[in-house]
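Novice: Dropping a structure here in structure tokens format, bear with me for questions.
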Amino acid sequence: MGANSSRELEARNYLEKHQIIELLNFLTSALLFFRPEKPREYLISILEQLRIAKLTGVAFPFFMDNSNIVAMFEMMDSSNKGIISFIQYKEALKTLGLCTADEVLKDDGHGITLEKFRREVNKRTQEIWSAF
């Protein structure tokens with residue numbers, strides 16, 4: 001293994017250990033979802049909220065409130081059946097930065113209800129924030 005390979009491996013291990021890629025994916029998704037006028041200031045405020053939450057034990061910042069989750073679900077449920085497909089579910093999680101392209105999710109063969117979608121978005125958001 002050459003010096004470059006060793007440095008690449010060290011860099012990859014560092015990023016994985018500190019979950020930097022997941023953080024950047026989530027920040028990018030939030031940025032694209034809300035499209036603030038001042039993106040740098042918005043990102044700084046998110047990171048500041050995260051720092052305060054870690055120090056004080058207050059709730060971590062959630063950028064997808066219930067109305068956002070419902071709106072996203074309703075856009076995917078265009079036939080108004082109250083369920084979305086597993087593929088739509090996984091793509092939505094990827095779009096939100098809550099799932100990687102190579103993550104294996106278990107499809108139980110049933111459609112995804114709003115409640116399951118909401119629960120999973122909130123759970124995954126909490127997991128991401130609590131890891132930092």
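Every chain in the structure tokens takes a letter, A first, then B, and so on in the order presented; its residues are numbered from 1, and the ligands are numbered from 1 following the presented order.
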For stretch 26-36 of chain A, find every residue with an atom within 8 Å (counting only C-alpha atoms), except residues of its own chain fewer than 2 positions away, and show them as an MDAnalysis selection string.
Specialist: chainID A and resid 22:24 38:39 42:43 63 95:98
Novice: A:Glu103: which residues within 12 Å, counting only C-alpha atoms, same-chain residues fewer than 4 positions away excluded, as a ChimeraX atom specification?
Specialist: /A:90-91,93-94,97-99
Novice: So that I can check the surroundings of A:Gln19, please list as an MDAnalysis selection string every protein, DNA and RNA residue that reaches within 12 Å of it, counting only C-alpha atoms and ignoring chain neighbours fewer than 3 positions away.
Specialist: chainID A and resid 11:16 22:26 127:132
Novice: Keeping only N, CA and C atoms, write the selected residues as a tab-separated table (two decimals), in the first residue's frame.
Specialist:
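Writing done, so here's again-v4.tsv:
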chain	number	residue	atom	x	y	z
A	11	ALA	N	-7.97	9.30	5.71
A	11	ALA	CA	-8.99	10.34	5.50
A	11	ALA	C	-10.38	9.75	5.54
A	12	ARG	N	-10.58	8.63	4.84
A	12	ARG	CA	-11.89	7.97	4.82
A	12	ARG	C	-12.30	7.54	6.22
A	13	ASN	N	-11.35	6.95	6.97
A	13	ASN	CA	-11.65	6.52	8.35
A	13	ASN	C	-12.02	7.71	9.23
A	14	TYR	N	-11.32	8.82	9.05
A	14	TYR	CA	-11.62	10.03	9.82
A	14	TYR	C	-13.03	10.52	9.52
A	15	LEU	N	-13.37	10.60	8.23
A	15	LEU	CA	-14.70	11.06	7.84
A	15	LEU	C	-15.79	10.13	8.38
A	16	GLU	N	-15.56	8.83	8.31
A	16	GLU	CA	-16.54	7.87	8.82
A	16	GLU	C	-16.67	7.97	10.34
A	22	GLU	N	-22.26	12.30	6.38
A	22	GLU	CA	-23.69	12.35	6.73
A	22	GLU	C	-24.10	13.77	7.12
A	23	LEU	N	-23.25	14.43	7.90
A	23	LEU	CA	-23.55	15.81	8.30
A	23	LEU	C	-23.63	16.72	7.08
A	24	LEU	N	-22.65	16.61	6.19
A	24	LEU	CA	-22.66	17.46	5.00
A	24	LEU	C	-23.86	17.16	4.10
A	25	ASN	N	-24.21	15.89	3.97
A	25	ASN	CA	-25.40	15.53	3.18
A	25	ASN	C	-26.65	16.15	3.78
A	26	PHE	N	-26.77	16.06	5.09
A	26	PHE	CA	-27.96	16.61	5.75
A	26	PHE	C	-28.00	18.13	5.62
A	127	GLU	N	-31.04	10.66	15.05
A	127	GLU	CA	-29.81	9.87	15.04
A	127	GLU	C	-28.65	10.66	14.45
A	128	ILE	N	-28.91	11.38	13.37
A	128	ILE	CA	-27.85	12.16	12.74
A	128	ILE	C	-27.34	13.23	13.70
A	129	TRP	N	-28.26	14.00	14.27
A	129	TRP	CA	-27.83	15.09	15.13
A	129	TRP	C	-27.14	14.59	16.39
A	130	SER	N	-27.65	13.52	16.98
A	130	SER	CA	-27.07	13.03	18.22
A	130	SER	C	-25.68	12.45	18.03
A	131	ALA	N	-25.32	12.12	16.78
A	131	ALA	CA	-24.00	11.56	16.50
A	131	ALA	C	-22.91	12.64	16.49
A	132	PHE	N	-23.29	13.91	16.45
A	132	PHE	CA	-22.28	14.97	16.35
A	132	PHE	C	-22.00	15.63	17.66
Novice: For stretch 107-120 of chain A, please output as a PyMOL selection string all residues within 9 Å (counting only C-alpha atoms; exclusion window: fewer than 3 positions along the same chain).
Specialist: chain A and resi 66+69-70+73-74+82-86+88-89+93+123-125
Novice: Give me, as a VMD selection string, the residues of stretch 28-108 of chain A that a backbone DSSP run labels helix (DSSP H, G or I).
Specialist: chain A and resid 28 to 34 39 to 56 66 to 76 86 to 95
Novice: Residues of chain A in strand (DSSP E or B) according to DSSP, as a PyMOL selection string?
Specialist: chain A and resi 83-84+112-113
Novice: Which residue is closest to A:Thr100? Choose from A:Glu37, A:Ile52, A:Ile21, A:Asp77 and count only C-alpha atoms.
Specialist: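 Closest residue, counting only C-alpha atoms: A:Ile21.
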